[in-house]
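Visitor: My structure file target32.pdb, PDB, C-alpha atoms, pLDDT in the B column, is below:
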ATOM      1  CA  GLN Q   8      17.473  -0.039  -6.269  1.00 80.00           C
ATOM      2  CA  VAL Q   9      13.798   0.432  -7.022  1.00 89.00           C
ATOM      3  CA  GLN Q  10      11.903   3.713  -7.231  1.00 95.00           C
ATOM      4  CA  LEU Q  11       8.269   3.660  -6.197  1.00 97.00           C
ATOM      5  CA  ALA Q  12       5.704   6.283  -7.171  1.00 97.00           C
ATOM      6  CA  GLU Q  13       2.164   6.349  -5.819  1.00 98.00           C
ATOM      7  CA  SER Q  14      -0.719   7.986  -7.641  1.00 98.00           C
ATOM      8  CA  GLY Q  15      -4.488   8.040  -7.570  1.00 98.00           C
ATOM      9  CA  GLY Q  16      -5.094   9.897  -4.364  1.00 98.00           C
ATOM     10  CA  GLY Q  17      -7.563  12.740  -4.078  1.00 98.00           C
ATOM     11  CA  LEU Q  18     -10.694  14.049  -2.423  1.00 98.00           C
ATOM     12  CA  VAL Q  19     -13.747  11.798  -2.266  1.00 98.00           C
ATOM     13  CA  GLN Q  20     -16.992  11.775  -0.340  1.00 98.00           C
ATOM     14  CA  ALA Q  21     -17.661   9.163   2.301  1.00 98.00           C
ATOM     15  CA  GLY Q  22     -18.912   5.982   0.681  1.00 98.00           C
ATOM     16  CA  GLY Q  23     -16.940   6.633  -2.465  1.00 98.00           C
ATOM     17  CA  SER Q  24     -14.021   4.803  -4.021  1.00 98.00           C
ATOM     18  CA  LEU Q  25     -10.472   5.444  -5.088  1.00 98.00           C
ATOM     19  CA  ARG Q  26      -7.843   3.277  -6.712  1.00 98.00           C
ATOM     20  CA  LEU Q  27      -4.254   3.904  -5.777  1.00 98.00           C
ATOM     21  CA  SER Q  28      -1.375   2.778  -7.952  1.00 98.00           C
ATOM     22  CA  CYS Q  29       2.231   2.178  -7.043  1.00 98.00           C
ATOM     23  CA  ALA Q  30       4.442   2.080 -10.105  1.00 97.00           C
ATOM     24  CA  ALA Q  31       7.994   0.853  -9.869  1.00 95.00           C
ATOM     25  CA  SER Q  32      11.010   1.741 -11.959  1.00 92.00           C
ATOM     26  CA  GLY Q  33      14.638   0.758 -11.858  1.00 91.00           C
ATOM     27  CA  ARG Q  34      13.970  -2.849 -10.951  1.00 88.00           C
ATOM     28  CA  THR Q  35      11.264  -5.417 -11.351  1.00 90.00           C
ATOM     29  CA  LEU Q  36       8.901  -5.989  -8.434  1.00 89.00           C
ATOM     30  CA  ARG Q  37       8.408  -9.640  -9.332  1.00 91.00           C
ATOM     31  CA  GLY Q  38      10.432 -10.965  -6.419  1.00 91.00           C
ATOM     32  CA  TYR Q  39       9.177  -8.555  -3.784  1.00 95.00           C
ATOM     33  CA  ALA Q  40       6.305  -8.697  -1.392  1.00 97.00           C
ATOM     34  CA  MET Q  41       4.570  -5.314  -1.420  1.00 97.00           C
ATOM     35  CA  GLY Q  42       2.653  -3.401   1.172  1.00 98.00           C
ATOM     36  CA  TRP Q  43       0.542  -0.315   1.692  1.00 98.00           C
ATOM     37  CA  PHE Q  44       0.705   1.876   4.777  1.00 98.00           C
ATOM     38  CA  ARG Q  45      -0.884   5.154   5.758  1.00 98.00           C
ATOM     39  CA  ARG Q  46      -0.119   8.010   8.086  1.00 97.00           C
ATOM     40  CA  THR Q  47      -2.146  10.815   9.527  1.00 95.00           C
ATOM     41  CA  PRO Q  48      -0.629  13.806  11.364  1.00 88.00           C
ATOM     42  CA  GLY Q  49       0.207  12.994  14.948  1.00 89.00           C
ATOM     43  CA  LYS Q  50      -0.208   9.262  14.512  1.00 92.00           C
ATOM     44  CA  GLU Q  51       2.088   6.344  13.905  1.00 93.00           C
ATOM     45  CA  ARG Q  52       2.333   4.887  10.446  1.00 94.00           C
ATOM     46  CA  GLU Q  53      -0.358   2.250  10.083  1.00 96.00           C
ATOM     47  CA  PHE Q  54      -0.248  -0.963   8.089  1.00 97.00           C
ATOM     48  CA  VAL Q  55      -3.047  -1.248   5.549  1.00 98.00           C
ATOM     49  CA  ALA Q  56      -2.453  -4.235   3.278  1.00 98.00           C
ATOM     50  CA  ALA Q  57       0.203  -6.530   1.842  1.00 98.00           C
ATOM     51  CA  ILE Q  58       0.489  -8.862  -1.108  1.00 98.00           C
ATOM     52  CA  SER Q  59       2.931 -11.632  -1.846  1.00 97.00           C
ATOM     53  CA  ALA Q  60       5.327 -11.482  -4.785  1.00 96.00           C
ATOM     54  CA  SER Q  61       3.176 -13.880  -6.794  1.00 95.00           C
ATOM     55  CA  GLY Q  62      -0.035 -12.155  -5.803  1.00 95.00           C
ATOM     56  CA  ASP Q  63      -1.596 -15.308  -4.416  1.00 96.00           C
ATOM     57  CA  SER Q  64      -1.812 -14.186  -0.803  1.00 97.00           C
ATOM     58  CA  THR Q  65      -2.946 -10.932   0.749  1.00 97.00           C
ATOM     59  CA  TYR Q  66      -3.317  -9.515   4.239  1.00 97.00           C
ATOM     60  CA  TYR Q  67      -5.315  -6.578   5.517  1.00 97.00           C
ATOM     61  CA  ALA Q  68      -5.622  -4.474   8.608  1.00 97.00           C
ATOM     62  CA  ASN Q  69      -8.893  -5.118  10.386  1.00 97.00           C
ATOM     63  CA  SER Q  70      -9.881  -1.503   9.830  1.00 97.00           C
ATOM     64  CA  VAL Q  71      -9.960  -1.945   6.044  1.00 98.00           C
ATOM     65  CA  LYS Q  72     -10.827  -5.616   5.635  1.00 98.00           C
ATOM     66  CA  GLY Q  73     -13.790  -6.074   3.330  1.00 98.00           C
ATOM     67  CA  ARG Q  74     -13.454  -2.549   1.924  1.00 98.00           C
ATOM     68  CA  PHE Q  75      -9.947  -2.441   0.441  1.00 98.00           C
ATOM     69  CA  THR Q  76      -8.380  -4.811  -2.073  1.00 98.00           C
ATOM     70  CA  VAL Q  77      -4.683  -5.050  -2.854  1.00 98.00           C
ATOM     71  CA  SER Q  78      -3.560  -6.476  -6.185  1.00 98.00           C
ATOM     72  CA  ARG Q  79      -0.595  -6.409  -8.489  1.00 98.00           C
ATOM     73  CA  ASP Q  80       0.301  -6.646 -12.145  1.00 97.00           C
ATOM     74  CA  ASN Q  81       3.880  -7.812 -12.350  1.00 94.00           C
ATOM     75  CA  ALA Q  82       3.921  -7.335 -16.108  1.00 94.00           C
ATOM     76  CA  LYS Q  83       3.248  -3.642 -15.510  1.00 95.00           C
ATOM     77  CA  ASN Q  84       5.472  -3.483 -12.433  1.00 95.00           C
ATOM     78  CA  THR Q  85       2.583  -1.956 -10.532  1.00 97.00           C
ATOM     79  CA  VAL Q  86       0.690  -2.629  -7.333  1.00 98.00           C
ATOM     80  CA  TYR Q  87      -2.817  -1.347  -6.681  1.00 98.00           C
ATOM     81  CA  LEU Q  88      -5.017  -0.564  -3.718  1.00 98.00           C
ATOM     82  CA  GLN Q  89      -8.718  -0.444  -4.508  1.00 98.00           C
ATOM     83  CA  MET Q  90     -10.489   1.440  -1.750  1.00 98.00           C
ATOM     84  CA  ASP Q  91     -14.273   1.188  -1.537  1.00 98.00           C
ATOM     85  CA  SER Q  92     -16.806   2.385   1.016  1.00 98.00           C
ATOM     86  CA  LEU Q  93     -14.363   5.024   2.137  1.00 98.00           C
ATOM     87  CA  LYS Q  94     -14.781   6.625   5.534  1.00 98.00           C
ATOM     88  CA  PRO Q  95     -13.491   9.949   6.866  1.00 97.00           C
ATOM     89  CA  GLU Q  96     -11.131   8.004   9.132  1.00 96.00           C
ATOM     90  CA  ASP Q  97      -9.420   6.661   6.010  1.00 97.00           C
ATOM     91  CA  THR Q  98      -8.049  10.144   5.378  1.00 97.00           C
ATOM     92  CA  ALA Q  99      -4.263   9.876   5.333  1.00 98.00           C
ATOM     93  CA  VAL Q 100      -1.168   9.905   3.190  1.00 98.00           C
ATOM     94  CA  TYR Q 101      -0.845   6.452   1.661  1.00 98.00           C
ATOM     95  CA  TYR Q 102       2.544   4.902   0.981  1.00 98.00           C
ATOM     96  CA  CYS Q 103       3.591   1.778  -0.838  1.00 98.00           C
ATOM     97  CA  ALA Q 104       6.625  -0.204   0.193  1.00 97.00           C
ATOM     98  CA  ALA Q 105       8.627  -3.076  -1.248  1.00 96.00           C
ATOM     99  CA  ASP Q 106      10.359  -5.749   0.779  1.00 95.00           C
ATOM    100  CA  PRO Q 107      13.571  -6.716  -1.003  1.00 90.00           C
ATOM    101  CA  THR Q 108      14.169  -9.593   1.398  1.00 91.00           C
ATOM    102  CA  SER Q 109      10.951 -11.572   1.118  1.00 92.00           C
ATOM    103  CA  THR Q 110       8.307 -12.789  -1.310  1.00 93.00           C
ATOM    104  CA  LEU Q 111       5.799 -13.406   1.476  1.00 94.00           C
ATOM    105  CA  ALA Q 112       2.971 -11.134   2.515  1.00 93.00           C
ATOM    106  CA  VAL Q 113       2.544 -12.679   5.964  1.00 91.00           C
ATOM    107  CA  GLY Q 114       4.269 -10.612   8.590  1.00 91.00           C
ATOM    108  CA  PHE Q 115       4.849  -7.661   6.252  1.00 93.00           C
ATOM    109  CA  MET Q 116       3.541  -5.255   8.850  1.00 91.00           C
ATOM    110  CA  PHE Q 117       6.309  -6.210  11.280  1.00 91.00           C
ATOM    111  CA  ARG Q 118       9.247  -5.907   8.906  1.00 91.00           C
ATOM    112  CA  HIS Q 119      11.800  -3.170   8.635  1.00 91.00           C
ATOM    113  CA  ILE Q 120      11.600  -1.783   5.131  1.00 93.00           C
ATOM    114  CA  PRO Q 121      14.707   0.162   4.060  1.00 92.00           C
ATOM    115  CA  ASP Q 122      14.151   3.845   3.344  1.00 93.00           C
ATOM    116  CA  ASP Q 123      14.965   3.348  -0.339  1.00 93.00           C
ATOM    117  CA  TYR Q 124      12.013   1.022  -0.764  1.00 95.00           C
ATOM    118  CA  TRP Q 125       9.261   3.470   0.072  1.00 97.00           C
ATOM    119  CA  GLY Q 126       7.310   5.732  -2.214  1.00 97.00           C
ATOM    120  CA  GLN Q 127       6.695   9.405  -1.555  1.00 97.00           C
ATOM    121  CA  GLY Q 128       3.033   8.955  -0.719  1.00 97.00           C
ATOM    122  CA  THR Q 129      -0.280  10.145  -2.069  1.00 98.00           C
ATOM    123  CA  GLN Q 130      -2.902  12.071  -0.112  1.00 98.00           C
ATOM    124  CA  VAL Q 131      -6.362  10.601   0.316  1.00 98.00           C
ATOM    125  CA  THR Q 132      -9.025  12.821   1.825  1.00 98.00           C
ATOM    126  CA  VAL Q 133     -12.509  11.525   2.581  1.00 98.00           C
ATOM    127  CA  SER Q 134     -15.129  14.126   3.384  1.00 97.00           C
ATOM    128  CA  SER Q 135     -18.169  13.384   5.518  1.00 94.00           C
TER     129      SER Q 135
END
Turn this file's structure into structure tokens for me.
Guide:
Amino acid sequence: QVQLAESGGGLVQAGGSLRLSCAASGRTLRGYAMGWFRRTPGKEREFVAAISASGDSTYYANSVKGRFTVSRDNAKNTVYLQMDSLKPEDTAVYYCAADPTSTLAVGFMFRHIPDDYWGQGTQVTVSS
């Protein structure tokens, strides 16, 4: 079982940047595709980005493409989400998730991720 812990959230003005981290413990992330999702009150959880186990392929939601960058450092057992040109509509709780069944990033947004493979989330607030 892997434990995931997000950090790096906070309050930032529109146009600013934040870098989220998702640190894993209990098991290596080397064999797992990883993803980022976000949720705002009253809305469904939204896919943001995914990265393959090797880090050589990434996928993004259209709403963040060109502004967000997902990366990983398997030596540090950590996945990152660099968020630039932030907008007020990016305000949400951001969650990382690990897929224990696949190394591929493609299709991550459609997969069922077991409850044990989610982090607790970190709040990102973008002021206008």
Visitor: Written as a PyMOL selection string, which residues does the PyMOL selection byres ((chain Q and resi 20-37) around 9) give for the file shown?
Guide: chain Q and resi 8-19+38-41+60-61+81-95+101-105+107+110+126+129+131-135
Visitor: Applied to the shown file, which residues does the PyMOL selection byres ((chain Q and resi 53-58) around 6) return, written as a ChimeraX atom specification?
Guide: /Q:40-45,52,59,62,64-68,112,116
Visitor: What separation in Å, quoted to one decimal, exists between atom CA of Pro48 of chain Q and atom CA of Gln130 of chain Q?
Guide: 11.8 Å
Visitor: Could you tell me which of Q:Arg46, Q:Asp106, Q:Glu51, Q:Ala99 comes closest to Arg118 of chain Q if we count all atoms listed in the file?
Guide: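 So, comparing all the options, the nearest one is Q:Asp106.
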